[in-house]
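Undergrad: Dropping the structure in here first, questions after.
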Amino acid sequence: MKAPNSGWWRSGVVYQIYPRSYQDSNGDGIGDLPGITHRLDHIARLGADAVWLSPIFKSPMKDFGYDVSDYNDIDPMFGTLADFRALVDRAHALGLKVIIDQVLSHSSDQHPWFKESRQSRDVQVNPKADWYVWADAKDDGNPPNNWLSVFGGSAWQWDTRRRQYYLHNFLASQPDLNFHCAEVQQALLDSVKFWLDFGVDGYRLDAINFCFHDAALRSNPGAGMPDGSNPTVAASNPYAWQHHVFDRSRPDALGFLERLRALTDQYPDTMMVGEIGDESGMAMVAQYSSPSADGAERLHMGYCFDLLADRHDAPYLHEVIAKFERVAAEAGGGWACWALSNHDCKRIATRWGGESPNPALLRLAPALQLSLRGAVCLYQGEELGLPEADIAFEDLQDPYGITMWPEFKGRDGCRTPFPWETAAPDLGFGAPGSSVKPWLPVAESHRALAVDAQESDPAALLHHYRHLLQWRRTQPALMQGDLTLLPVHPQVLAFVRSHGDERLLCAFNLSAEPATLTLPDGDQVNAQSTLSFDPHGVLFARLTSSARDRHVTH
């Protein structure tokens, strides 16, 4: 039976926590669940609606939790089931929902399922023989096709016992599950149900478009030398040289998403947001979060990488928003969760602002993000304006960065320990009195931006975020309204959020130069039809012939 759902997620603000780096409570140099529980008040004060925890399940940690060896237990590195219970209870007491990261497309090679699957290819004696994607070699011993791993090299790894290759879209230690096997789908649905019964409020579904592969194992067509425009993969990565039409984003996935939704909908106020890494990301977000022709619902919402790219000029952002509004309308629905940073990309302060980001740009970014139609995901440290940390090669932990160095330095620079206290040697990340070196070096560039320093400064970015989140809740046009883009402008991104008789102009000068914007005929702000902007200026204003309630930030 379908449970009631308030739809909180449609305008919800989700705060992503990278558990290894948030707060270490036991002095081992790695963040953990009790540490997160201790710091939940910070997130509640910020004004978020939910927390999303990157993976906390048992794992060999070859990809830091995105290689799961037990879907139904907590890794001892982070704590226990009792610790997670305490976290969920505290979050709920603070009015925060708890979203967990579920990795369905692949497991660890240490998962009992894979250990059993690799024992024999004979389905008569091995009930899990086809739980993973196995394929015979070509006559010359090469892999069955040209599929590549996101992390470099072939997506096929030879197994000497079965004398077959297995598929891994990421690390060789992350074998892909075979979603063409009905038993695999059911086992994963059972693991999803386990945590819903535990009391979590939903899921962030990692790499959800990687679940299904082409059963015929057809090779991908070549794409030629990358031009750097693909936001999902660096041009220096050979993965960018293919059109990935057979190894991911297969139409078979839609039926499984409908099964996931039917299960999740049995629990009140739950939601699922899918990570979609594909060149056609916006169209797939709309497709994955819109109902089927017969009304079967899929994900509640999705996000892709279009706003996680380096480019952020007004025409580009206009194009991204216009594209989603168009494809969502064509799909008959669809809902976006807008992210400007996460654990997989360079921090926005550096990505948009370079070595010395303009403080006005760091204030513009959340104002823009929180004005879009849809939900919002904030990554830990955005509220502080943290820049990307510079990590020496010898300190790297990320296997992706180690493989692709130096053209791509990996993801460690956005995963360094969170800065809580300016004066503490480890920025307050470690347990009191601990001298253990954190798993990644603390970033000295973060010291002056620590939470305690910003708490005591009313002009700090942290307070700007709190003000924006609080103010947004009072604006029906932002929480529930439609979105209409103004014509593309070389410097200023402008759109109108409408709800009932209210029309709220949202305008952002994405350039470092002053700008002017001429409004469409008949529209005015304070009896003016031409508006002026400081560099990186922001304007919110009631849009009528005699607009009032102007709210401006510079």
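A note on labels: chains of the structure tokens are A, B, ... as shown, every chain counts residues from 1, and ligands are counted from 1 in their shown order.
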Show which residues sit within 9 Å of Gly29 of chain A, as a VMD selection string. Count only C-alpha atoms, and ignore same-chain residues fewer than 5 positions away.
TA: chain A and resid 20 to 21 24 429 to 431 434 to 440
Undergrad: Store the residues of this selection in a file with all heavy atoms, as a compact mmCIF listing (two decimals), in the first residue's frame.
TA:
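What follows is the written file selection_2.txt:
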```
# COMPACT_ATOMS: atom_id res chain seq x y z
N ARG A 20 34.06 9.98 6.21
CA ARG A 20 35.47 9.85 6.58
C ARG A 20 36.08 11.18 7.01
O ARG A 20 37.09 11.20 7.72
CB ARG A 20 36.28 9.31 5.41
CG ARG A 20 35.94 7.92 4.95
CD ARG A 20 36.76 7.53 3.75
NE ARG A 20 38.16 7.33 4.09
CZ ARG A 20 38.72 6.16 4.38
NH1 ARG A 20 37.97 5.06 4.39
NH2 ARG A 20 39.99 6.07 4.66
N SER A 21 35.47 12.29 6.57
CA SER A 21 36.11 13.59 6.72
C SER A 21 35.32 14.59 7.54
O SER A 21 35.69 15.76 7.58
CB SER A 21 36.38 14.19 5.32
OG SER A 21 37.24 13.37 4.57
N ASP A 24 36.02 12.98 13.51
CA ASP A 24 36.56 11.75 14.10
C ASP A 24 36.31 11.79 15.61
O ASP A 24 36.76 12.71 16.29
CB ASP A 24 38.07 11.70 13.80
CG ASP A 24 38.79 10.59 14.54
OD1 ASP A 24 38.12 9.65 14.98
OD2 ASP A 24 40.03 10.68 14.67
N PHE A 429 39.05 18.44 13.68
CA PHE A 429 38.49 17.22 13.08
C PHE A 429 38.66 16.01 13.99
O PHE A 429 37.77 15.17 14.10
CB PHE A 429 39.17 16.96 11.73
CG PHE A 429 38.93 15.58 11.19
CD1 PHE A 429 37.69 15.23 10.68
CD2 PHE A 429 39.94 14.62 11.20
CE1 PHE A 429 37.46 13.94 10.18
CE2 PHE A 429 39.72 13.34 10.69
CZ PHE A 429 38.47 13.00 10.19
N GLY A 430 39.80 15.88 14.67
CA GLY A 430 40.09 14.70 15.46
C GLY A 430 39.48 14.72 16.84
O GLY A 430 38.95 15.74 17.31
N ALA A 431 39.55 13.58 17.49
CA ALA A 431 39.08 13.48 18.87
C ALA A 431 40.00 14.31 19.77
O ALA A 431 41.20 14.44 19.51
CB ALA A 431 39.08 12.02 19.32
N SER A 434 43.87 13.61 20.57
CA SER A 434 44.42 12.63 19.62
C SER A 434 45.58 13.24 18.84
O SER A 434 45.55 14.41 18.45
CB SER A 434 43.34 12.17 18.65
OG SER A 434 43.91 11.36 17.63
N SER A 435 46.62 12.44 18.64
CA SER A 435 47.77 12.88 17.83
C SER A 435 47.87 12.08 16.53
O SER A 435 48.88 12.18 15.83
CB SER A 435 49.06 12.73 18.64
OG SER A 435 49.25 11.39 19.03
N VAL A 436 46.84 11.28 16.25
CA VAL A 436 46.85 10.46 15.04
C VAL A 436 46.67 11.34 13.81
O VAL A 436 45.82 12.23 13.78
CB VAL A 436 45.74 9.40 15.10
CG1 VAL A 436 45.66 8.63 13.79
CG2 VAL A 436 45.99 8.44 16.27
N LYS A 437 47.46 11.08 12.79
CA LYS A 437 47.38 11.83 11.55
C LYS A 437 46.07 11.50 10.83
O LYS A 437 45.73 10.34 10.65
CB LYS A 437 48.57 11.47 10.66
CG LYS A 437 48.64 12.21 9.34
CD LYS A 437 49.85 11.74 8.56
CE LYS A 437 49.93 12.42 7.20
NZ LYS A 437 51.12 11.96 6.41
N PRO A 438 45.30 12.53 10.42
CA PRO A 438 44.06 12.25 9.68
C PRO A 438 44.34 11.51 8.37
O PRO A 438 45.44 11.58 7.83
CB PRO A 438 43.49 13.65 9.40
CG PRO A 438 44.11 14.53 10.43
CD PRO A 438 45.48 13.97 10.67
N TRP A 439 43.32 10.83 7.87
CA TRP A 439 43.48 9.98 6.68
C TRP A 439 43.90 10.78 5.46
O TRP A 439 44.58 10.26 4.58
CB TRP A 439 42.22 9.19 6.43
CG TRP A 439 41.10 9.95 5.80
CD1 TRP A 439 40.27 10.84 6.40
CD2 TRP A 439 40.69 9.88 4.43
NE1 TRP A 439 39.37 11.35 5.50
CE2 TRP A 439 39.59 10.76 4.28
CE3 TRP A 439 41.12 9.15 3.32
CZ2 TRP A 439 38.94 10.95 3.07
CZ3 TRP A 439 40.46 9.32 2.11
CH2 TRP A 439 39.39 10.22 1.98
N LEU A 440 43.50 12.03 5.39
CA LEU A 440 44.01 12.99 4.41
C LEU A 440 44.51 14.20 5.17
O LEU A 440 44.00 14.54 6.25
CB LEU A 440 42.90 13.43 3.44
CG LEU A 440 42.58 12.54 2.24
CD1 LEU A 440 41.36 13.09 1.49
CD2 LEU A 440 43.77 12.40 1.30
```
Undergrad: Can you pull out every residue from segment 55-303 of chain A that DSSP, working from the backbone, puts in alpha helix (DSSP H), and format the result as a VMD selection string?
TA: chain A and resid 81 to 93 112 to 117 182 to 198 253 to 264 281 to 288
Undergrad: Near Gly95 of chain A, counting only C-alpha atoms, which residues have an atom at most 9 Å away, once you skip same-chain residues fewer than 5 positions from it, shown as a PyMOL selection string?
TA: chain A and resi 44+49-50+90
Undergrad: Using N, CA and C atoms, can you write the selected residues to a file as a PDB file, in the first residue's frame?
TA:
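Saved file part.pdb follows:
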```pdb
ATOM      1  N   ALA A  44      21.449  21.375  11.197  1.00  0.00           N
ATOM      2  CA  ALA A  44      20.108  21.848  11.533  1.00  0.00           C
ATOM      3  C   ALA A  44      20.068  23.367  11.580  1.00  0.00           C
ATOM      4  N   ASP A  49      17.093  20.312   5.204  1.00  0.00           N
ATOM      5  CA  ASP A  49      15.971  19.421   5.489  1.00  0.00           C
ATOM      6  C   ASP A  49      16.411  17.983   5.717  1.00  0.00           C
ATOM      7  N   ALA A  50      17.568  17.617   5.173  1.00  0.00           N
ATOM      8  CA  ALA A  50      18.012  16.220   5.230  1.00  0.00           C
ATOM      9  C   ALA A  50      19.525  16.163   5.154  1.00  0.00           C
ATOM     10  N   ARG A  90      18.816  11.093  16.493  1.00  0.00           N
ATOM     11  CA  ARG A  90      19.181  12.485  16.747  1.00  0.00           C
ATOM     12  C   ARG A  90      18.792  13.361  15.567  1.00  0.00           C
TER      13      ARG A  90
END
```
Undergrad: Of the residues A:Gly47, A:Gly385, A:Pro490, A:Pro221, which is the one nearest to Ser356 of chain A, using only C-alpha atoms?
TA: A:Gly385
Undergrad: Give me every strand (DSSP E or B) residue in segment 282-524 of chain A, going by DSSP on the backbone, as number ranges by chain.
TA: A: 301-303, 336-339, 375-379, 482-485, 492-499, 502-509, 515-518, 524
Undergrad: Between A:Asp310, A:Asp190, A:Asp227, A:Glu388, which residue has the minimum interatomic distance to Thr264 of chain A, considering only C-alpha atoms?
TA: A:Asp190
Undergrad: Just checking: using only C-alpha atoms, which residue out of A:Gln174, A:Gly433, A:Trp420, A:Ala329 ends up closest to Ala453 of chain A?
TA: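 Of A:Gln174, A:Gly433, A:Trp420, A:Ala329, the one nearest Ala453 of chain A is A:Trp420, counting only C-alpha atoms.
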Undergrad: Would you please work out which residue, of A:Lys115, A:His489, A:His536, A:Arg204, is nearest to Ala365 of chain A when using only C-alpha atoms?
TA: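 Once distances to Ala365 of chain A are computed over only C-alpha atoms, the minimum belongs to A:His536.
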Undergrad: Could you give me, as a list in words, the residues within 6 Å of segment 154-168 of chain A, counting only C-alpha atoms and dropping anything in the same chain fewer than 2 positions from it?
TA: Ser120, Val133, Trp134, Ala135, Asp136, Trp147, Leu148, Ser149, Phe170, Ala172, Gln174, Pro175 and Asp176 of chain A
Undergrad: Take the residues just selected and output them with all heavy atoms as an mmCIF file, in the first residue's frame.
TA:
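Heads up, here's the output in part-v4.cif:
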```cif
data_model
loop_
_atom_site.group_PDB
_atom_site.id
_atom_site.type_symbol
_atom_site.label_atom_id
_atom_site.label_comp_id
_atom_site.auth_asym_id
_atom_site.auth_seq_id
_atom_site.Cartn_x
_atom_site.Cartn_y
_atom_site.Cartn_z
ATOM 1 N N SER A 120 32.469 -21.019 -10.054
ATOM 2 C CA SER A 120 32.167 -21.887 -11.185
ATOM 3 C C SER A 120 31.204 -21.171 -12.122
ATOM 4 O O SER A 120 30.329 -20.421 -11.676
ATOM 5 C CB SER A 120 31.533 -23.201 -10.712
ATOM 6 O OG SER A 120 31.028 -23.949 -11.803
ATOM 7 N N VAL A 133 28.487 -9.989 -14.299
ATOM 8 C CA VAL A 133 28.552 -9.970 -15.761
ATOM 9 C C VAL A 133 29.831 -10.668 -16.201
ATOM 10 O O VAL A 133 30.925 -10.096 -16.168
ATOM 11 C CB VAL A 133 28.504 -8.524 -16.298
ATOM 12 C CG1 VAL A 133 28.475 -8.541 -17.828
ATOM 13 C CG2 VAL A 133 27.286 -7.785 -15.745
ATOM 14 N N TRP A 134 29.689 -11.919 -16.616
ATOM 15 C CA TRP A 134 30.806 -12.744 -17.059
ATOM 16 C C TRP A 134 30.738 -12.907 -18.578
ATOM 17 O O TRP A 134 29.647 -12.950 -19.159
ATOM 18 C CB TRP A 134 30.758 -14.121 -16.405
ATOM 19 C CG TRP A 134 30.938 -14.105 -14.914
ATOM 20 C CD1 TRP A 134 29.956 -14.096 -13.971
ATOM 21 C CD2 TRP A 134 32.174 -14.095 -14.212
ATOM 22 N NE1 TRP A 134 30.501 -14.088 -12.705
ATOM 23 C CE2 TRP A 134 31.872 -14.084 -12.833
ATOM 24 C CE3 TRP A 134 33.517 -14.096 -14.606
ATOM 25 C CZ2 TRP A 134 32.855 -14.074 -11.848
ATOM 26 C CZ3 TRP A 134 34.491 -14.086 -13.626
ATOM 27 C CH2 TRP A 134 34.166 -14.077 -12.264
ATOM 28 N N ALA A 135 31.893 -13.009 -19.210
ATOM 29 C CA ALA A 135 31.922 -13.191 -20.663
ATOM 30 C C ALA A 135 33.183 -13.933 -21.063
ATOM 31 O O ALA A 135 34.248 -13.765 -20.451
ATOM 32 C CB ALA A 135 31.869 -11.840 -21.374
ATOM 33 N N ASP A 136 33.049 -14.740 -22.092
ATOM 34 C CA ASP A 136 34.208 -15.459 -22.630
ATOM 35 C C ASP A 136 35.122 -14.505 -23.381
ATOM 36 O O ASP A 136 34.689 -13.463 -23.904
ATOM 37 C CB ASP A 136 33.749 -16.564 -23.585
ATOM 38 C CG ASP A 136 32.995 -17.683 -22.876
ATOM 39 O OD1 ASP A 136 33.297 -17.927 -21.687
ATOM 40 O OD2 ASP A 136 32.111 -18.287 -23.511
ATOM 41 N N TRP A 147 34.635 -2.070 -24.220
ATOM 42 C CA TRP A 147 34.192 -1.245 -23.100
ATOM 43 C C TRP A 147 35.363 -0.881 -22.185
ATOM 44 O O TRP A 147 36.245 -1.700 -21.908
ATOM 45 C CB TRP A 147 33.123 -1.966 -22.294
ATOM 46 C CG TRP A 147 31.857 -2.220 -23.074
ATOM 47 C CD1 TRP A 147 31.549 -1.773 -24.331
ATOM 48 C CD2 TRP A 147 30.744 -3.000 -22.640
ATOM 49 N NE1 TRP A 147 30.307 -2.217 -24.707
ATOM 50 C CE2 TRP A 147 29.783 -2.973 -23.690
ATOM 51 C CE3 TRP A 147 30.456 -3.714 -21.487
ATOM 52 C CZ2 TRP A 147 28.561 -3.645 -23.599
ATOM 53 C CZ3 TRP A 147 29.238 -4.385 -21.393
ATOM 54 C CH2 TRP A 147 28.303 -4.346 -22.434
ATOM 55 N N LEU A 148 35.327 0.374 -21.707
ATOM 56 C CA LEU A 148 36.392 0.911 -20.870
ATOM 57 C C LEU A 148 35.875 1.202 -19.460
ATOM 58 O O LEU A 148 34.698 1.464 -19.253
ATOM 59 C CB LEU A 148 36.952 2.206 -21.473
ATOM 60 C CG LEU A 148 37.633 2.081 -22.833
ATOM 61 C CD1 LEU A 148 37.989 3.464 -23.384
ATOM 62 C CD2 LEU A 148 38.889 1.212 -22.732
ATOM 63 N N SER A 149 36.796 1.181 -18.515
ATOM 64 C CA SER A 149 36.495 1.559 -17.140
ATOM 65 C C SER A 149 36.601 3.073 -16.984
ATOM 66 O O SER A 149 37.488 3.708 -17.563
ATOM 67 C CB SER A 149 37.472 0.875 -16.182
ATOM 68 O OG SER A 149 37.466 1.504 -14.919
ATOM 69 N N PHE A 170 34.167 0.450 -12.959
ATOM 70 C CA PHE A 170 35.030 1.308 -12.156
ATOM 71 C C PHE A 170 36.320 0.525 -11.847
ATOM 72 O O PHE A 170 36.999 0.101 -12.768
ATOM 73 C CB PHE A 170 34.274 1.805 -10.921
ATOM 74 C CG PHE A 170 33.055 2.626 -11.307
ATOM 75 C CD1 PHE A 170 31.799 2.035 -11.422
ATOM 76 C CD2 PHE A 170 33.176 3.971 -11.609
ATOM 77 C CE1 PHE A 170 30.684 2.770 -11.817
ATOM 78 C CE2 PHE A 170 32.068 4.724 -12.008
ATOM 79 C CZ PHE A 170 30.829 4.116 -12.114
ATOM 80 N N ALA A 172 38.769 -2.663 -10.811
ATOM 81 C CA ALA A 172 38.679 -4.110 -11.010
ATOM 82 C C ALA A 172 38.141 -4.798 -9.763
ATOM 83 O O ALA A 172 37.595 -5.908 -9.839
ATOM 84 C CB ALA A 172 40.044 -4.679 -11.384
ATOM 85 N N GLN A 174 35.615 -3.782 -8.189
ATOM 86 C CA GLN A 174 34.203 -3.415 -8.115
ATOM 87 C C GLN A 174 33.439 -4.092 -9.267
ATOM 88 O O GLN A 174 33.008 -3.437 -10.206
ATOM 89 C CB GLN A 174 34.034 -1.891 -8.194
ATOM 90 C CG GLN A 174 34.629 -1.156 -7.000
ATOM 91 C CD GLN A 174 34.658 0.354 -7.220
ATOM 92 O OE1 GLN A 174 35.376 0.845 -8.090
ATOM 93 N NE2 GLN A 174 33.883 1.087 -6.440
ATOM 94 N N PRO A 175 33.265 -5.407 -9.199
ATOM 95 C CA PRO A 175 32.581 -6.112 -10.286
ATOM 96 C C PRO A 175 31.120 -5.694 -10.416
ATOM 97 O O PRO A 175 30.426 -5.478 -9.419
ATOM 98 C CB PRO A 175 32.702 -7.588 -9.876
ATOM 99 C CG PRO A 175 32.859 -7.560 -8.387
ATOM 100 C CD PRO A 175 33.649 -6.315 -8.101
ATOM 101 N N ASP A 176 30.664 -5.608 -11.656
ATOM 102 C CA ASP A 176 29.291 -5.193 -11.922
ATOM 103 C C ASP A 176 28.312 -6.346 -11.710
ATOM 104 O O ASP A 176 28.520 -7.456 -12.211
ATOM 105 C CB ASP A 176 29.162 -4.686 -13.355
ATOM 106 C CG ASP A 176 29.491 -3.211 -13.466
ATOM 107 O OD1 ASP A 176 30.623 -2.845 -13.105
ATOM 108 O OD2 ASP A 176 28.631 -2.440 -13.899
#
```
Undergrad: Tell me, as a PyMOL selection string, which residues lie within 12 Å of His38 of chain A, counting only C-alpha atoms; anything in the same chain fewer than 4 positions away does not count.
TA: chain A and resi 22-25+31-34+42-44+83+86-88+90-91+429+431
Undergrad: Once you have the residues from the selection above, write them out as a compact mmCIF listing (two decimals), in the first residue's frame, restricted to all heavy atoms.
TA:
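This is the output file result.txt:
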```
# COMPACT_ATOMS: atom_id res chain seq x y z
N TYR A 22 34.24 14.16 8.20
CA TYR A 22 33.41 15.14 8.89
C TYR A 22 33.85 15.36 10.34
O TYR A 22 34.10 16.48 10.75
CB TYR A 22 31.94 14.73 8.82
CG TYR A 22 31.01 15.93 8.89
CD1 TYR A 22 31.11 16.95 7.95
CD2 TYR A 22 30.03 16.03 9.86
CE1 TYR A 22 30.26 18.05 7.99
CE2 TYR A 22 29.17 17.12 9.90
CZ TYR A 22 29.30 18.13 8.97
OH TYR A 22 28.46 19.22 9.01
N GLN A 23 33.91 14.29 11.12
CA GLN A 23 34.35 14.40 12.51
C GLN A 23 34.78 13.03 13.02
O GLN A 23 34.01 12.06 12.97
CB GLN A 23 33.22 14.93 13.39
CG GLN A 23 33.57 15.04 14.87
CD GLN A 23 34.58 16.16 15.15
OE1 GLN A 23 34.24 17.34 15.05
NE2 GLN A 23 35.81 15.79 15.49
N ASP A 24 36.02 12.98 13.51
CA ASP A 24 36.56 11.75 14.10
C ASP A 24 36.31 11.79 15.61
O ASP A 24 36.76 12.71 16.29
CB ASP A 24 38.07 11.70 13.80
CG ASP A 24 38.79 10.59 14.54
OD1 ASP A 24 38.12 9.65 14.98
OD2 ASP A 24 40.03 10.68 14.67
N SER A 25 35.58 10.79 16.11
CA SER A 25 35.24 10.79 17.54
C SER A 25 36.14 9.88 18.37
O SER A 25 36.18 10.01 19.60
CB SER A 25 33.78 10.34 17.73
OG SER A 25 33.65 8.94 17.48
N GLY A 31 36.80 9.97 10.13
CA GLY A 31 35.49 10.37 10.61
C GLY A 31 34.57 9.18 10.79
O GLY A 31 34.75 8.13 10.17
N ASP A 32 33.56 9.34 11.64
CA ASP A 32 32.71 8.20 11.99
C ASP A 32 31.30 8.67 12.35
O ASP A 32 31.01 9.87 12.38
CB ASP A 32 33.32 7.40 13.14
CG ASP A 32 33.79 8.29 14.29
OD1 ASP A 32 33.03 9.20 14.68
OD2 ASP A 32 34.91 8.08 14.79
N LEU A 33 30.43 7.71 12.62
CA LEU A 33 29.03 8.02 12.89
C LEU A 33 28.83 8.80 14.18
O LEU A 33 28.06 9.78 14.19
CB LEU A 33 28.20 6.73 12.90
CG LEU A 33 28.13 5.99 11.57
CD1 LEU A 33 27.32 4.70 11.72
CD2 LEU A 33 27.54 6.85 10.47
N PRO A 34 29.47 8.43 15.30
CA PRO A 34 29.30 9.27 16.49
C PRO A 34 29.78 10.71 16.26
O PRO A 34 29.19 11.66 16.81
CB PRO A 34 30.16 8.55 17.54
CG PRO A 34 30.16 7.12 17.12
CD PRO A 34 30.20 7.18 15.61
N HIS A 42 24.98 21.59 13.65
CA HIS A 42 25.49 22.53 12.65
C HIS A 42 24.61 22.51 11.41
O HIS A 42 24.29 23.57 10.83
CB HIS A 42 26.94 22.17 12.30
CG HIS A 42 27.48 22.92 11.12
ND1 HIS A 42 27.85 24.24 11.18
CD2 HIS A 42 27.69 22.52 9.82
CE1 HIS A 42 28.29 24.64 9.98
NE2 HIS A 42 28.20 23.61 9.15
N ILE A 43 24.20 21.33 10.99
CA ILE A 43 23.41 21.19 9.78
C ILE A 43 21.98 21.68 10.02
O ILE A 43 21.37 22.32 9.17
CB ILE A 43 23.42 19.72 9.32
CG1 ILE A 43 24.87 19.28 9.07
CG2 ILE A 43 22.59 19.53 8.07
CD1 ILE A 43 25.05 17.78 8.94
N ALA A 44 21.45 21.37 11.20
CA ALA A 44 20.11 21.85 11.53
C ALA A 44 20.07 23.37 11.58
O ALA A 44 19.13 24.00 11.08
CB ALA A 44 19.66 21.25 12.87
N ASP A 83 25.29 2.77 16.71
CA ASP A 83 25.73 4.14 16.44
C ASP A 83 24.86 4.78 15.36
O ASP A 83 24.52 5.97 15.43
CB ASP A 83 27.19 4.17 15.99
CG ASP A 83 28.16 3.80 17.10
OD1 ASP A 83 27.87 4.12 18.27
OD2 ASP A 83 29.20 3.18 16.79
N ALA A 86 21.55 5.74 16.78
CA ALA A 86 21.65 6.99 17.54
C ALA A 86 21.68 8.19 16.59
O ALA A 86 21.08 9.24 16.86
CB ALA A 86 22.89 6.98 18.42
N LEU A 87 22.37 8.05 15.46
CA LEU A 87 22.44 9.14 14.49
C LEU A 87 21.06 9.42 13.90
O LEU A 87 20.63 10.58 13.81
CB LEU A 87 23.44 8.78 13.38
CG LEU A 87 23.77 9.85 12.33
CD1 LEU A 87 25.14 9.55 11.71
CD2 LEU A 87 22.74 9.94 11.21
N VAL A 88 20.35 8.37 13.48
CA VAL A 88 19.03 8.55 12.89
C VAL A 88 18.08 9.19 13.89
O VAL A 88 17.34 10.12 13.57
CB VAL A 88 18.48 7.20 12.38
CG1 VAL A 88 17.01 7.33 11.97
CG2 VAL A 88 19.32 6.68 11.21
N ARG A 90 18.82 11.09 16.49
CA ARG A 90 19.18 12.48 16.75
C ARG A 90 18.79 13.36 15.57
O ARG A 90 18.27 14.48 15.75
CB ARG A 90 20.69 12.59 17.03
CG ARG A 90 21.20 14.02 17.24
CD ARG A 90 20.50 14.70 18.41
NE ARG A 90 20.99 16.05 18.60
CZ ARG A 90 20.33 17.00 19.26
NH1 ARG A 90 19.15 16.72 19.82
NH2 ARG A 90 20.83 18.21 19.40
N ALA A 91 19.03 12.88 14.36
CA ALA A 91 18.65 13.66 13.17
C ALA A 91 17.15 13.91 13.16
O ALA A 91 16.70 15.05 12.93
CB ALA A 91 19.09 12.92 11.91
N PHE A 429 39.05 18.44 13.68
CA PHE A 429 38.49 17.22 13.08
C PHE A 429 38.66 16.01 13.99
O PHE A 429 37.77 15.17 14.10
CB PHE A 429 39.17 16.96 11.73
CG PHE A 429 38.93 15.58 11.19
CD1 PHE A 429 37.69 15.23 10.68
CD2 PHE A 429 39.94 14.62 11.20
CE1 PHE A 429 37.46 13.94 10.18
CE2 PHE A 429 39.72 13.34 10.69
CZ PHE A 429 38.47 13.00 10.19
N ALA A 431 39.55 13.58 17.49
CA ALA A 431 39.08 13.48 18.87
C ALA A 431 40.00 14.31 19.77
O ALA A 431 41.20 14.44 19.51
CB ALA A 431 39.08 12.02 19.32
```
Undergrad: Counting only C-alpha atoms, which residue out of A:Ala240, A:Leu40, A:Ala82, A:Val245 sits closest to Leu217 of chain A?
TA: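 So, comparing all the options, the nearest one is A:Val245.
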Undergrad: Write out as a VMD selection string the residues lying within 12 Å of Thr403 of chain A, counting only C-alpha atoms and excluding same-chain residues fewer than 4 positions away.
TA: chain A and resid 149 to 153 171 236 to 237 393 396 to 399 407 to 411
Undergrad: Extract, using only C-alpha atoms, all DNA, RNA and protein residues at most 7 Å from segment 301-309 of chain A, discarding same-chain residues fewer than 5 positions from it, and format them as a list in words.
TA: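 Answer for this query is Pro231, Thr232, Met272, Val273, Gly274, Glu275, Ile276, Gly277, Gly281, Met282, Val285, Ser289, Val320, Gly334, Trp335, Ala336, Cys337, Trp338, Ala339, Leu340, Ser341 and Cys345 of chain A.
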Undergrad: I'd like the interatomic distance between atom CA of Asp457 of chain A and atom CA of Arg39 of chain A, to a tenth of an Å.
TA: 19.9 Å
Undergrad: So, with only C-alpha atoms as the atoms that count, which of A:Gly401, A:Gly141, A:Gly353, A:Gly65 lies closest to Tyr18 of chain A?
TA: A:Gly65
